[in-house]
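Enquirer: Have a look at this one before I ask anything.
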Amino acid sequence: MPLILVGGLIFGFGLGFSQMARPEVVLDFLQFEDFGLLFVMFGAAIVSGIAFAVMPRIRDSAPLTGDRYERRLKPFDRNVLIGGAIFGVGWGLSGICPGAAYASLGVGNVTILWALGGMFVGAYLQGRWRSQRVASNSDPTSAD
């Protein structure tokens, strides 16, 4: 657990230091006025790509969970499109994504609580919808 906490603190510090925890910066990027976020995203993609390429060669399993490193491909379906659209609209309206929202709260942006509340409500509703869907699919009395 301490490793997770330290990783989260470093991530949050990086978001705060790069100004990505400020919704104004994100909204400027989405309006094609400031491309600093693009460089932050490319930097993160490069670091992640290197980690995904190197870690399976260094270790057989993940250090915290013990799970084997493997690709988990998921289908590109209607749920991905709908979820991506909802995420994009929320990102555009609030100017913040979930990870940066916590960092934004950490740098004193109290109004971000509205966006965090919306994220929690959306996650709860999606979880309820998914659990009801799974329950109805596993019900032996339901007609297919």
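Letters A, B, ... mark the chains of the structure tokens in the order given; residue numbers begin at 1 per chain; ligand numbers begin at 1, in order shown.
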If you run DSSP on the backbone here, which positions in chain A get alpha helix (DSSP H)? Please write them as a PDB file with C-alpha atoms, in the first residue's frame.
Expert:
ATOM      1  CA  PRO A   2       2.754   2.547   0.674  1.00  0.00           C
ATOM      2  CA  LEU A   3       3.975   2.085  -2.906  1.00  0.00           C
ATOM      3  CA  ILE A   4       0.496   2.915  -4.235  1.00  0.00           C
ATOM      4  CA  LEU A   5       0.329   6.025  -2.032  1.00  0.00           C
ATOM      5  CA  VAL A   6       3.763   7.207  -3.171  1.00  0.00           C
ATOM      6  CA  GLY A   7       2.859   6.578  -6.827  1.00  0.00           C
ATOM      7  CA  GLY A   8      -0.374   8.540  -6.407  1.00  0.00           C
ATOM      8  CA  LEU A   9       1.435  11.425  -4.748  1.00  0.00           C
ATOM      9  CA  ILE A  10       4.027  11.557  -7.529  1.00  0.00           C
ATOM     10  CA  PHE A  11       1.271  11.424 -10.165  1.00  0.00           C
ATOM     11  CA  GLY A  12      -0.702  14.174  -8.423  1.00  0.00           C
ATOM     12  CA  PHE A  13       2.406  16.326  -8.015  1.00  0.00           C
ATOM     13  CA  GLY A  14       3.168  15.895 -11.719  1.00  0.00           C
ATOM     14  CA  LEU A  15      -0.344  16.947 -12.671  1.00  0.00           C
ATOM     15  CA  GLY A  16      -0.190  19.958 -10.373  1.00  0.00           C
ATOM     16  CA  PHE A  17       3.312  20.955 -11.504  1.00  0.00           C
ATOM     17  CA  PRO A  23      -9.582  23.095 -15.730  1.00  0.00           C
ATOM     18  CA  GLU A  24      -8.758  26.319 -17.593  1.00  0.00           C
ATOM     19  CA  VAL A  25      -5.641  24.712 -19.078  1.00  0.00           C
ATOM     20  CA  VAL A  26      -7.556  21.613 -20.164  1.00  0.00           C
ATOM     21  CA  LEU A  27     -10.370  23.678 -21.672  1.00  0.00           C
ATOM     22  CA  ASP A  28      -7.819  25.786 -23.576  1.00  0.00           C
ATOM     23  CA  PHE A  29      -6.409  22.540 -24.996  1.00  0.00           C
ATOM     24  CA  LEU A  30      -9.880  21.306 -26.005  1.00  0.00           C
ATOM     25  CA  GLY A  36       0.758  21.882 -23.567  1.00  0.00           C
ATOM     26  CA  LEU A  37      -1.549  19.023 -22.570  1.00  0.00           C
ATOM     27  CA  LEU A  38      -0.667  17.257 -25.803  1.00  0.00           C
ATOM     28  CA  PHE A  39       3.010  17.168 -24.770  1.00  0.00           C
ATOM     29  CA  VAL A  40       2.080  15.875 -21.308  1.00  0.00           C
ATOM     30  CA  MET A  41      -0.036  13.119 -22.896  1.00  0.00           C
ATOM     31  CA  PHE A  42       2.734  12.157 -25.326  1.00  0.00           C
ATOM     32  CA  GLY A  43       5.229  12.051 -22.458  1.00  0.00           C
ATOM     33  CA  ALA A  44       2.924   9.786 -20.458  1.00  0.00           C
ATOM     34  CA  ALA A  45       2.342   7.547 -23.491  1.00  0.00           C
ATOM     35  CA  ILE A  46       6.089   7.185 -24.051  1.00  0.00           C
ATOM     36  CA  VAL A  47       6.778   6.312 -20.405  1.00  0.00           C
ATOM     37  CA  SER A  48       3.843   3.847 -20.366  1.00  0.00           C
ATOM     38  CA  GLY A  49       4.948   2.264 -23.642  1.00  0.00           C
ATOM     39  CA  ILE A  50       8.456   1.726 -22.328  1.00  0.00           C
ATOM     40  CA  ALA A  51       7.100   0.262 -19.071  1.00  0.00           C
ATOM     41  CA  PHE A  52       4.773  -2.125 -20.947  1.00  0.00           C
ATOM     42  CA  ALA A  53       7.664  -3.264 -23.142  1.00  0.00           C
ATOM     43  CA  VAL A  54      10.301  -3.614 -20.409  1.00  0.00           C
ATOM     44  CA  MET A  55       8.462  -4.838 -17.291  1.00  0.00           C
ATOM     45  CA  PRO A  56       7.465  -8.300 -18.633  1.00  0.00           C
ATOM     46  CA  ARG A  57      11.149  -8.886 -19.463  1.00  0.00           C
ATOM     47  CA  ILE A  58      12.276  -7.878 -15.967  1.00  0.00           C
ATOM     48  CA  ARG A  78     -21.283  -0.086 -28.474  1.00  0.00           C
ATOM     49  CA  ASN A  79     -20.405   0.186 -24.772  1.00  0.00           C
ATOM     50  CA  VAL A  80     -16.948   1.557 -25.590  1.00  0.00           C
ATOM     51  CA  LEU A  81     -18.437   4.164 -27.940  1.00  0.00           C
ATOM     52  CA  ILE A  82     -21.127   5.258 -25.486  1.00  0.00           C
ATOM     53  CA  GLY A  83     -18.734   5.318 -22.533  1.00  0.00           C
ATOM     54  CA  GLY A  84     -16.143   7.261 -24.526  1.00  0.00           C
ATOM     55  CA  ALA A  85     -18.758   9.787 -25.607  1.00  0.00           C
ATOM     56  CA  ILE A  86     -20.001  10.291 -22.037  1.00  0.00           C
ATOM     57  CA  PHE A  87     -16.406  10.616 -20.793  1.00  0.00           C
ATOM     58  CA  GLY A  88     -15.598  13.147 -23.527  1.00  0.00           C
ATOM     59  CA  VAL A  89     -18.672  15.270 -22.822  1.00  0.00           C
ATOM     60  CA  GLY A  90     -17.915  15.260 -19.092  1.00  0.00           C
ATOM     61  CA  TRP A  91     -14.277  16.142 -19.777  1.00  0.00           C
ATOM     62  CA  GLY A  92     -15.311  18.998 -22.049  1.00  0.00           C
ATOM     63  CA  LEU A  93     -17.915  20.376 -19.645  1.00  0.00           C
ATOM     64  CA  SER A  94     -15.810  20.184 -16.499  1.00  0.00           C
ATOM     65  CA  PRO A  98     -10.903  11.781 -13.097  1.00  0.00           C
ATOM     66  CA  GLY A  99      -7.196  11.565 -12.188  1.00  0.00           C
ATOM     67  CA  ALA A 100      -6.640  15.272 -12.565  1.00  0.00           C
ATOM     68  CA  ALA A 101      -9.820  16.035 -10.597  1.00  0.00           C
ATOM     69  CA  TYR A 102      -8.262  14.662  -7.413  1.00  0.00           C
ATOM     70  CA  ALA A 103      -5.067  16.593  -8.075  1.00  0.00           C
ATOM     71  CA  SER A 104      -7.163  19.708  -8.707  1.00  0.00           C
ATOM     72  CA  LEU A 105      -8.844  19.226  -5.352  1.00  0.00           C
ATOM     73  CA  GLY A 106      -5.394  18.847  -3.821  1.00  0.00           C
ATOM     74  CA  LEU A 113     -16.283  18.698  -6.080  1.00  0.00           C
ATOM     75  CA  TRP A 114     -19.209  19.145  -8.506  1.00  0.00           C
ATOM     76  CA  ALA A 115     -17.318  17.249 -11.207  1.00  0.00           C
ATOM     77  CA  LEU A 116     -16.210  14.578  -8.717  1.00  0.00           C
ATOM     78  CA  GLY A 117     -19.820  14.198  -7.575  1.00  0.00           C
ATOM     79  CA  GLY A 118     -20.907  13.737 -11.178  1.00  0.00           C
ATOM     80  CA  MET A 119     -18.196  11.114 -11.701  1.00  0.00           C
ATOM     81  CA  PHE A 120     -19.339   9.161  -8.648  1.00  0.00           C
ATOM     82  CA  VAL A 121     -23.015   9.353  -9.640  1.00  0.00           C
ATOM     83  CA  GLY A 122     -22.163   8.228 -13.178  1.00  0.00           C
ATOM     84  CA  ALA A 123     -20.014   5.350 -11.931  1.00  0.00           C
ATOM     85  CA  TYR A 124     -22.748   4.274  -9.514  1.00  0.00           C
ATOM     86  CA  LEU A 125     -25.448   4.358 -12.210  1.00  0.00           C
ATOM     87  CA  GLN A 126     -23.244   2.431 -14.623  1.00  0.00           C
ATOM     88  CA  GLY A 127     -22.540  -0.182 -11.960  1.00  0.00           C
ATOM     89  CA  ARG A 128     -26.243  -0.563 -11.178  1.00  0.00           C
ATOM     90  CA  TRP A 129     -27.085  -0.838 -14.874  1.00  0.00           C
ATOM     91  CA  ARG A 130     -24.369  -3.449 -15.444  1.00  0.00           C
ATOM     92  CA  SER A 131     -25.353  -5.529 -12.394  1.00  0.00           C
ATOM     93  CA  GLN A 132     -29.015  -5.526 -13.455  1.00  0.00           C
ATOM     94  CA  ARG A 133     -28.013  -6.531 -16.973  1.00  0.00           C
ATOM     95  CA  VAL A 134     -25.832  -9.392 -15.703  1.00  0.00           C
ATOM     96  CA  ALA A 135     -28.600 -10.532 -13.336  1.00  0.00           C
ATOM     97  CA  SER A 136     -31.195 -10.556 -16.119  1.00  0.00           C
ATOM     98  CA  ASN A 137     -28.830 -12.487 -18.428  1.00  0.00           C
ATOM     99  CA  SER A 138     -28.154 -15.149 -15.779  1.00  0.00           C
TER     100      SER A 138
END
Enquirer: From the options A:Met20, A:Ile96, A:Gly66, A:Glu33, which residue's atoms come nearest to Thr111 (chain A), counting only C-alpha atoms?
Expert: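 Comparing A:Met20, A:Ile96, A:Gly66, A:Glu33 against Thr111 (chain A), the winner is A:Ile96.
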Enquirer: Any idea what the distance is between CA of Ile112 (chain A) and CA of Phe32 (chain A)?
Expert: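 So the answer is 22.5 Å.
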Enquirer: In Å, with one decimal, what is the gap from CA of Gly108 (chain A) to CA of Arg22 (chain A)?
Expert: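 Going from CA of Gly108 (chain A) over to CA of Arg22 (chain A), I get 10.1 Å.
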